[in-house]
Amino acid sequence: MNRLDLTLELPADYRTHDLLNFHRRDVQGLAERVTDAGLDKGILWQGIPARLALRFVDGEAGVSLEVDGEVAIDPQALRRLAAHMLGLTQPVQAFEAEHGAHPLMGALIAANRGLRVPQSASPFEALSWAISGQQISLAVAISLRRKLIQLAGLRHSSGLFCYPDAAAVAALDEDALGQAGFSRAKSGTLLLLAREVVEGRLPLDEWLQDEPAEAIGQRLLALKGIGPWTVDYALLRGFARLDGSLHGDAAVRRQLQRLLGAEEKLDQPFVRDWLLPFAPWRALVAAHLWAMP
């Protein structure tokens, strides 16, 4: 086993509970274990099962990575991964300064100072999760996610299962996914995505650095089974691109209806137009709407 430890300083307004709640979605804790002190998450590091541990003490995040093998751990790569997952790369102060006096959003922003969008460990995890969750309830989506992890069967020596990477998903087949509850359409999209990544036509991890959101979106929309909502969610949760409109998200429309005090449900064109003035931070507006009580 190989292990590396490092420490990241956190902003004074960092909201630890947002990160922990995001990773607390699956109460069975198959691939994530959450406590008040932090998070243990099973990931693949260069294709090898690993446990990523985050611990929060006195304004700092302690980061540990344990890999079941002698593969090298690049400190800078681990630091980038942790900063990404913690949302430390997101310009939330600029958003708050720009829109803190908004007549409706201002109160929400003031109540949620420092709100960042916790990130999946990789763009592939966010995108495959979004595909799994298309047009179904959150509870069913979490169940499908758990079954995908179990199907891949990649487990760290600590007992944590690891979320599969593209190579592990590409090794699955439609029959196995179907028996796990995935529709034929979702199975086909997941396998297509995974194989495109493995064959180098969708370099998701390279895009994470500085590829424009529009370019990423165009490439993803060209895949059968991937639509605007899936792209916007993946851009937000996997690439930390904060301008996806998310007007197709049912919870965003419902919460905006509450914020506006509207009696009737809001349609997607209305929500799209309402969010437009918040560019290039429309997805952060969605995150604040999600955070409404």
# chains A, B, ... in the order shown; residues from 1 in each chain; ligands from 1

$ closest_atom_pairs --of "region 47-132 of chain A" --to "region 203-226 of chain A" --cutoff "9 Å" --atoms "only C-alpha atoms" --output "JSON lines"
{"residue": "A:Ser122", "atom": "CA", "partner": "A:Asp205", "partner_atom": "CA", "distance": 7.3}
{"residue": "A:Pro123", "atom": "CA", "partner": "A:Leu204", "partner_atom": "CA", "distance": 6.2}
{"residue": "A:Phe124", "atom": "CA", "partner": "A:Leu204", "partner_atom": "CA", "distance": 6.9}
{"residue": "A:Ile131", "atom": "CA", "partner": "A:Ile226", "partner_atom": "CA", "distance": 7.3}

$ write_last_selection --atoms "C-alpha atoms" --output "PDB file, in the first residue's frame"
ATOM      1  CA  SER A 122     -14.110  12.947 -11.535  1.00  0.00           C
ATOM      2  CA  PRO A 123     -16.061  14.275 -14.504  1.00  0.00           C
ATOM      3  CA  PHE A 124     -16.878  10.681 -15.459  1.00  0.00           C
ATOM      4  CA  ILE A 131     -27.184   9.595 -16.937  1.00  0.00           C
TER       5      ILE A 131
END

$ closest_atom_pairs --of "region 45-121 of chain A" --to "region 158-178 of chain A" --cutoff "8 Å" --atoms "only C-alpha atoms" --output "tab-separated table"
residue	atom	partner	partner_atom	distance
A:Gly47	CA	A:Asp165	CA	7.4
A:Pro49	CA	A:Cys162	CA	6.3
A:Ala50	CA	A:Cys162	CA	7.4
A:Arg51	CA	A:Leu160	CA	7.4

$ write_last_selection --atoms "N, CA and C atoms" --output "short mmCIF file (atom, residue, chain, number, x, y, z; two decimals), in the first residue's frame"
data_model
loop_
_atom_site.label_atom_id
_atom_site.label_comp_id
_atom_site.auth_asym_id
_atom_site.auth_seq_id
_atom_site.Cartn_x
_atom_site.Cartn_y
_atom_site.Cartn_z
N GLY A 47 -6.47 3.63 -11.91
CA GLY A 47 -7.12 2.35 -12.09
C GLY A 47 -7.03 1.39 -10.92
N PRO A 49 -7.73 0.50 -6.78
CA PRO A 49 -8.58 0.92 -5.66
C PRO A 49 -7.81 1.73 -4.63
N ALA A 50 -8.45 2.81 -4.18
CA ALA A 50 -7.82 3.71 -3.21
C ALA A 50 -8.90 4.27 -2.29
N ARG A 51 -8.46 4.72 -1.12
CA ARG A 51 -9.37 5.40 -0.19
C ARG A 51 -8.88 6.84 -0.02
#

$ residues_around --residues "Asp40 (chain A)" --least-positions-apart "2" --cutoff "7 Å" --atoms "only C-alpha atoms" --output "list in words"
Glu32, Arg33, Val34, Gly42, Arg51, Leu52, Ala53 and Leu54 of chain A

$ write_last_selection --atoms "N, CA, C and O atoms" --output "short mmCIF file (atom, residue, chain, number, x, y, z; two decimals), in the first residue's frame"
data_model
loop_
_atom_site.label_atom_id
_atom_site.label_comp_id
_atom_site.auth_asym_id
_atom_site.auth_seq_id
_atom_site.Cartn_x
_atom_site.Cartn_y
_atom_site.Cartn_z
N GLU A 32 -18.96 5.64 0.11
CA GLU A 32 -18.64 6.85 0.89
C GLU A 32 -19.05 6.63 2.33
O GLU A 32 -20.15 6.15 2.59
N ARG A 33 -18.17 6.98 3.25
CA ARG A 33 -18.50 6.95 4.67
C ARG A 33 -18.36 8.37 5.21
O ARG A 33 -17.28 8.96 5.13
N VAL A 34 -19.45 8.89 5.75
CA VAL A 34 -19.47 10.27 6.22
C VAL A 34 -19.68 10.30 7.73
O VAL A 34 -20.56 9.62 8.25
N GLY A 42 -14.23 5.82 -1.64
CA GLY A 42 -13.50 4.89 -2.48
C GLY A 42 -13.40 5.42 -3.90
O GLY A 42 -14.41 5.74 -4.52
N ARG A 51 -8.46 4.72 -1.12
CA ARG A 51 -9.37 5.40 -0.19
C ARG A 51 -8.88 6.84 -0.02
O ARG A 51 -7.74 7.09 0.37
N LEU A 52 -9.78 7.77 -0.35
CA LEU A 52 -9.50 9.19 -0.13
C LEU A 52 -10.18 9.60 1.16
O LEU A 52 -11.39 9.41 1.33
N ALA A 53 -9.42 10.17 2.09
CA ALA A 53 -9.95 10.60 3.37
C ALA A 53 -9.81 12.11 3.51
O ALA A 53 -8.72 12.66 3.25
N LEU A 54 -10.89 12.79 3.89
CA LEU A 54 -10.88 14.22 4.16
C LEU A 54 -11.30 14.43 5.61
O LEU A 54 -12.33 13.91 6.05
#

$ residues_around --residues "Leu144 (chain A)" --least-positions-apart "5" --cutoff "12 Å" --atoms "only C-alpha atoms" --output "list in words"
Asp26, Ser128, Trp129, Ala130, Ile131, Ser132, Gly133, Gln134, Ile136, Ser137, Leu138, Ala139, Ile149, Gln150, Leu151, Leu177, Gly178, Gln179, Ala180, Gly181, Phe182, Ser183, Lys186 and Ser187 of chain A

$ closest_residue --among "A:Ala77, A:Ala234, A:Leu88, A:Ala111" --to "Ala291 (chain A)" --atoms "only C-alpha atoms"
A:Ala111

$ select_by_dssp --residues "region 59-281 of chain A" --states "helix (DSSP H, G or I)" --output "JSON, numbers by chain"
{"A": [75, 76, 77, 78, 79, 80, 81, 82, 83, 84, 85, 86, 92, 93, 94, 95, 96, 97, 98, 99, 105, 106, 107, 108, 109, 110, 111, 123, 124, 125, 126, 127, 128, 129, 130, 131, 132, 138, 139, 140, 141, 142, 143, 144, 145, 146, 147, 148, 149, 150, 151, 152, 166, 167, 168, 169, 170, 174, 175, 176, 177, 178, 179, 184, 185, 186, 187, 188, 189, 190, 191, 192, 193, 194, 195, 196, 197, 198, 204, 205, 206, 207, 208, 209, 210, 213, 214, 215, 216, 217, 218, 219, 220, 221, 228, 229, 230, 231, 232, 233, 234, 235, 236, 237, 238, 239, 250, 251, 252, 253, 254, 255, 256, 257, 258, 259, 260, 268, 269, 270, 271, 272, 273, 274, 275, 276, 277, 278]}

$ closest_residue --among "A:Ala61, A:Leu39, A:Leu30, A:Leu276" --to "Asp5 (chain A)" --atoms "only C-alpha atoms"
A:Ala61

$ residues_around --residues "Gln76 (chain A)" --least-positions-apart "4" --cutoff "12 Å" --atoms "only C-alpha atoms" --output "PyMOL selection string"
chain A and resi 4-8+72+80-83

$ write_last_selection --atoms "C-alpha atoms" --output "PDB file, in the first residue's frame"
ATOM      1  CA  LEU A   4       0.284  10.336   0.944  1.00  0.00           C
ATOM      2  CA  ASP A   5      -0.951  13.012   3.368  1.00  0.00           C
ATOM      3  CA  LEU A   6      -1.270  16.749   2.859  1.00  0.00           C
ATOM      4  CA  THR A   7      -3.189  19.731   4.219  1.00  0.00           C
ATOM      5  CA  LEU A   8      -5.294  22.407   2.516  1.00  0.00           C
ATOM      6  CA  ALA A  72       3.219   6.685  -7.296  1.00  0.00           C
ATOM      7  CA  ARG A  80      -5.812  19.411  -7.338  1.00  0.00           C
ATOM      8  CA  LEU A  81      -8.275  16.577  -6.736  1.00  0.00           C
ATOM      9  CA  ALA A  82      -8.984  17.669  -3.155  1.00  0.00           C
ATOM     10  CA  ALA A  83      -9.340  21.350  -4.066  1.00  0.00           C
TER      11      ALA A  83
END

$ residues_around --residues "region 259-271 of chain A" --least-positions-apart "4" --cutoff "7 Å" --atoms "only C-alpha atoms" --output "number ranges by chain"
A: 247-248, 253, 255, 275

$ write_last_selection --atoms "N, CA and C atoms" --output "mmCIF file, in the first residue's frame"
data_model
loop_
_atom_site.group_PDB
_atom_site.id
_atom_site.type_symbol
_atom_site.label_atom_id
_atom_site.label_comp_id
_atom_site.auth_asym_id
_atom_site.auth_seq_id
_atom_site.Cartn_x
_atom_site.Cartn_y
_atom_site.Cartn_z
ATOM 1 N N HIS A 247 -32.398 25.078 -16.019
ATOM 2 C CA HIS A 247 -33.829 25.386 -16.007
ATOM 3 C C HIS A 247 -34.668 24.134 -16.237
ATOM 4 N N GLY A 248 -34.032 23.041 -16.690
ATOM 5 C CA GLY A 248 -34.750 21.782 -16.854
ATOM 6 C C GLY A 248 -34.843 20.964 -15.587
ATOM 7 N N ARG A 253 -37.025 24.578 -10.672
ATOM 8 C CA ARG A 253 -38.295 25.228 -11.035
ATOM 9 C C ARG A 253 -39.227 25.319 -9.824
ATOM 10 N N GLN A 255 -38.385 25.376 -6.563
ATOM 11 C CA GLN A 255 -37.893 26.332 -5.573
ATOM 12 C C GLN A 255 -38.020 27.772 -6.055
ATOM 13 N N LEU A 275 -33.229 33.142 -15.241
ATOM 14 C CA LEU A 275 -31.845 32.891 -14.831
ATOM 15 C C LEU A 275 -30.824 33.628 -15.693
#

$ atom_distance --atom1 "CA of Phe278 (chain A)" --atom2 "CA of His99 (chain A)"
7.9 Å

$ closest_residue --among "A:Leu10, A:Arg116, A:Gly29, A:His288" --to "Val252 (chain A)" --atoms "only C-alpha atoms"
A:His288

$ atom_distance --atom1 "CA of Pro103 (chain A)" --atom2 "CA of Arg254 (chain A)"
18.9 Å

$ select_by_dssp --residues "region 63-193 of chain A" --states "strand (DSSP E or B)" --output "VMD selection string"
chain A and resid 63 to 67 155 161

$ residues_around --residues "Met1 (chain A)" --least-positions-apart "5" --cutoff "9 Å" --atoms "only C-alpha atoms" --output "compact mmCIF listing (two decimals) with C-alpha atoms, in the first residue's frame"
# COMPACT_ATOMS: atom_id res chain seq x y z
CA GLU A 66 -4.20 5.20 0.49
CA VAL A 67 -3.67 3.18 -2.70
CA ASP A 68 -3.73 -0.63 -2.75
CA GLY A 69 -0.48 -0.86 -4.68
CA GLU A 70 2.92 0.71 -5.12
CA VAL A 71 1.77 3.20 -7.76

$ closest_atom_pairs --of "region 95-211 of chain A" --to "region 13-19 of chain A" --cutoff "8 Å" --atoms "only C-alpha atoms" --output "JSON lines"
{"residue": "A:Arg113", "atom": "CA", "partner": "A:Asp13", "partner_atom": "CA", "distance": 6.7}
{"residue": "A:Gly114", "atom": "CA", "partner": "A:Asp13", "partner_atom": "CA", "distance": 5.1}
{"residue": "A:Leu115", "atom": "CA", "partner": "A:Arg15", "partner_atom": "CA", "distance": 6.6}
{"residue": "A:Arg116", "atom": "CA", "partner": "A:Asp18", "partner_atom": "CA", "distance": 7.8}
{"residue": "A:Val117", "atom": "CA", "partner": "A:Asp18", "partner_atom": "CA", "distance": 7.9}
{"residue": "A:Pro118", "atom": "CA", "partner": "A:Leu19", "partner_atom": "CA", "distance": 5.3}

$ closest_residue --among "A:Val198, A:Ala110, A:Ala121, A:Met105" --to "Arg282 (chain A)" --atoms "only C-alpha atoms"
A:Met105

$ closest_residue --among "A:Ala250, A:Leu236, A:Val285, A:Leu86" --to "Ala126 (chain A)" --atoms "only C-alpha atoms"
A:Leu236
